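Undergrad: Pasting query-v4.cif here (mmCIF, C-alpha atoms):
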data_data
loop_
_atom_site.label_atom_id
_atom_site.label_comp_id
_atom_site.auth_asym_id
_atom_site.auth_seq_id
_atom_site.Cartn_x
_atom_site.Cartn_y
_atom_site.Cartn_z
CA MET A 216 67.08 -26.91 -8.96
CA ALA A 217 65.31 -27.27 -5.62
CA ILE A 218 66.42 -23.76 -4.58
CA TRP A 219 64.86 -22.24 -7.72
CA SER A 220 61.64 -24.13 -7.10
CA MET A 221 61.54 -22.88 -3.52
CA LEU A 222 62.19 -19.28 -4.66
CA VAL A 223 59.47 -19.45 -7.32
CA LEU A 224 57.06 -20.93 -4.79
CA PHE A 225 57.99 -18.29 -2.20
CA PHE A 226 57.52 -15.35 -4.59
CA GLY A 227 54.31 -16.89 -5.93
CA ILE A 228 52.87 -17.17 -2.42
CA LEU A 229 54.13 -13.66 -1.59
CA GLY A 230 52.48 -12.22 -4.71
CA TYR A 231 49.21 -14.03 -4.00
CA SER A 232 49.24 -12.82 -0.39
CA LEU A 233 49.83 -9.23 -1.46
CA TRP A 234 47.09 -9.51 -4.06
CA LEU A 235 44.61 -10.79 -1.45
CA LYS A 236 45.60 -8.03 0.99
CA SER A 237 45.18 -5.34 -1.68
CA CYS A 238 41.74 -6.76 -2.55
CA SER A 239 40.69 -6.47 1.09
CA TYR A 240 41.99 -2.88 1.20
CA ARG A 241 40.07 -2.06 -1.99
CA LYS A 242 36.87 -3.30 -0.39
CA GLU A 243 37.47 -1.08 2.64
CA ILE A 244 38.28 1.91 0.47
CA GLU A 245 35.12 1.40 -1.59
CA LEU A 246 33.06 1.54 1.59
CA LYS A 247 34.58 4.76 2.91
CA GLN A 248 36.20 6.85 0.23
CA ARG A 249 37.96 9.98 1.37
CA SER A 250 39.71 12.54 -0.73
CA SER A 251 43.15 13.65 0.32
CA PRO A 252 43.77 17.35 0.93
CA LEU A 253 46.11 17.41 -2.06
CA SER A 254 43.49 15.97 -4.41
CA LEU A 255 40.92 18.47 -3.13
CA ALA A 256 43.38 21.33 -3.67
CA ILE A 257 44.13 20.18 -7.22
CA GLN A 258 40.40 19.86 -7.99
CA GLU A 259 39.77 23.37 -6.69
CA LEU A 260 42.71 24.81 -8.64
CA ILE A 261 41.48 23.25 -11.88
CA ALA A 262 37.91 24.40 -11.23
CA ILE A 263 38.99 27.98 -10.54
CA ALA A 264 41.32 28.05 -13.56
CA GLY A 265 38.51 26.68 -15.75
CA GLY A 266 36.10 29.36 -14.55
CA ILE A 267 38.64 32.11 -15.15
CA TYR A 268 39.44 30.68 -18.59
CA LEU A 269 35.78 30.66 -19.62
CA SER A 270 35.35 34.21 -18.35
CA LEU A 271 38.41 35.39 -20.28
CA ILE A 272 37.19 33.71 -23.48
CA MET A 273 33.80 35.42 -23.15
CA LEU A 274 35.46 38.77 -22.42
CA VAL A 275 37.82 38.52 -25.39
CA SER A 276 35.06 37.44 -27.77
CA PHE A 277 32.67 40.13 -26.48
CA LEU A 278 35.21 42.93 -26.79
CA LYS A 279 36.60 41.51 -30.07
CA ILE A 280 40.16 41.70 -28.73
CA SER A 281 42.85 40.24 -30.96
CA ILE A 282 45.27 37.98 -29.08
CA PRO A 283 47.95 35.63 -30.41
CA ASP A 284 47.07 31.96 -30.79
CA LYS A 285 50.12 30.77 -28.88
CA ILE A 286 52.87 32.23 -26.74
CA ASN A 287 56.27 30.66 -26.21
CA ILE A 288 57.43 30.33 -22.60
CA SER A 289 60.83 28.62 -22.31
CA SER A 290 60.30 26.57 -25.50
CA VAL A 291 56.75 25.55 -24.55
CA ASP A 292 53.90 26.86 -26.69
CA MET A 293 50.84 27.78 -24.64
CA ASP A 294 47.47 29.36 -25.13
CA PRO A 295 47.80 32.85 -23.59
CA LEU A 296 44.34 32.78 -22.01
CA ALA A 297 45.00 29.39 -20.43
CA PHE A 298 48.34 30.63 -19.10
CA VAL A 299 46.70 33.70 -17.56
CA ALA A 300 43.89 31.60 -16.08
CA VAL A 301 46.23 29.07 -14.47
CA SER A 302 48.51 31.86 -13.22
CA LEU A 303 45.61 33.69 -11.61
CA ALA A 304 44.29 30.47 -10.08
CA ILE A 305 47.71 29.78 -8.59
CA LEU A 306 48.04 33.34 -7.26
CA GLN A 307 44.51 33.45 -5.79
CA PRO A 308 45.25 31.62 -2.48
CA ILE A 309 48.43 33.67 -2.02
CA VAL A 310 46.56 36.94 -2.46
CA ILE A 311 43.76 35.82 -0.13
CA ASN A 312 46.33 34.85 2.49
CA LEU A 313 48.05 38.24 2.14
CA ILE A 314 44.74 40.06 2.53
CA LYS A 315 43.97 38.09 5.68
CA TRP A 316 47.46 38.80 7.00
CA VAL A 317 47.17 42.56 6.36
CA LYS A 318 43.81 42.78 8.16
#
Mind turning the file's structure into structure tokens?

TA:
Amino acid sequence: MAIWSMLVLFFGILGYSLWLKSCSYRKEIELKQRSSPLSLAIQELIAIAGGIYLSLIMLVSFLKISIPDKINISSVDMDPLAFVAVSLAILQPIVINLIKWVK
């Protein structure tokens, strides 16, 4: 019984110590927040895809083009304009890099 009490006490103290340490890290992070390169890249990808999507919606509605509501890509139904927008946003840095490489 004493061993179980010691283990519970040990893990309780360990949990409390980790909680205090994480609180101190949170305070430091709140003072100096920095975005990681991955989060910045994801934000930029979503922003570019959103801009392309809005432009495609305006183009389709202006030209009165009839497009299907959904397309099926490997058993996943998607909006065709959203698929095109995300695809173009993903291809954009590759194309820019190729253009820089050719020059």

Undergrad: Which one is closest to A:Ile257: A:Ser289, A:Ile305, A:Leu271, A:Leu224? Count all atoms listed in the file.

TA: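 Result for the nearest residue to A:Ile257: A:Ile305.
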
Undergrad: Could you please determine the separation between atom CA of A:Ile314 and atom CA of A:Pro295 in Å, to one decimal place?

TA: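 Interatomic distance here is 27.3 Å.
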
Undergrad: My list of candidates is A:Met216, A:Leu235, A:Ile280, A:Val310. Which is closest to A:Leu296 when distances are computed with all atoms listed in the file?

TA: A:Ile280

Undergrad: What is the atom CA of A:Ile261 to atom CA of A:Ala304 distance in Å?

TA: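 Pair atom CA of A:Ile261 / atom CA of A:Ala304 returns 8.0 Å.
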
Undergrad: Dig up all the protein and nucleic acid residues within 9 Å of (42.6, 29.1, -5.8) in the file frame, using only C-alpha atoms, and format them as a PDB file with C-alpha atoms, in the coordinates of the input.

TA:
ATOM      1  CA  ALA A 256      43.380  21.330  -3.670  1.00  0.00           C
ATOM      2  CA  GLU A 259      39.770  23.370  -6.690  1.00  0.00           C
ATOM      3  CA  LEU A 260      42.710  24.810  -8.640  1.00  0.00           C
ATOM      4  CA  ILE A 261      41.480  23.250 -11.880  1.00  0.00           C
ATOM      5  CA  ALA A 262      37.910  24.400 -11.230  1.00  0.00           C
ATOM      6  CA  ILE A 263      38.990  27.980 -10.540  1.00  0.00           C
ATOM      7  CA  ALA A 264      41.320  28.050 -13.560  1.00  0.00           C
ATOM      8  CA  LEU A 303      45.610  33.690 -11.610  1.00  0.00           C
ATOM      9  CA  ALA A 304      44.290  30.470 -10.080  1.00  0.00           C
ATOM     10  CA  ILE A 305      47.710  29.780  -8.590  1.00  0.00           C
ATOM     11  CA  LEU A 306      48.040  33.340  -7.260  1.00  0.00           C
ATOM     12  CA  GLN A 307      44.510  33.450  -5.790  1.00  0.00           C
ATOM     13  CA  PRO A 308      45.250  31.620  -2.480  1.00  0.00           C
ATOM     14  CA  ILE A 309      48.430  33.670  -2.020  1.00  0.00           C
ATOM     15  CA  ILE A 311      43.760  35.820  -0.130  1.00  0.00           C
TER      16      ILE A 311
END

Undergrad: Quick one, how far is atom CA of A:Ser270 from atom CA of A:Ser302?

TA: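 Calculated distance between atom CA of A:Ser270 and atom CA of A:Ser302 is 14.3 Å.
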
Undergrad: Pick out the residues sitting within 12 Å of A:Phe298, and hand them over as a list in words; count only C-alpha atoms, and ignore anything fewer than 6 positions along from it in its own chain.

TA: Ala264, Gly265, Ile267, Tyr268, Leu271, Asp284, Lys285, Ile286, Asn287, Ile288, Val291, Asp292, Ala304 and Ile305 of chain A

Undergrad: When distances are computed from all atoms listed in the file, which of A:Val299, A:Ser281, A:Ala217, A:Leu313 shows the smallest separation from A:Leu269?

TA: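 Of A:Val299, A:Ser281, A:Ala217, A:Leu313, the one nearest A:Leu269, counting all atoms listed in the file, is A:Val299.
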
Undergrad: Which of these residues is nearest to A:Ile272, using only C-alpha atoms: A:Ala297, A:Val223, A:Ile228, A:Lys318?

TA: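 Counting only C-alpha atoms, the residue closest to A:Ile272 is A:Ala297.
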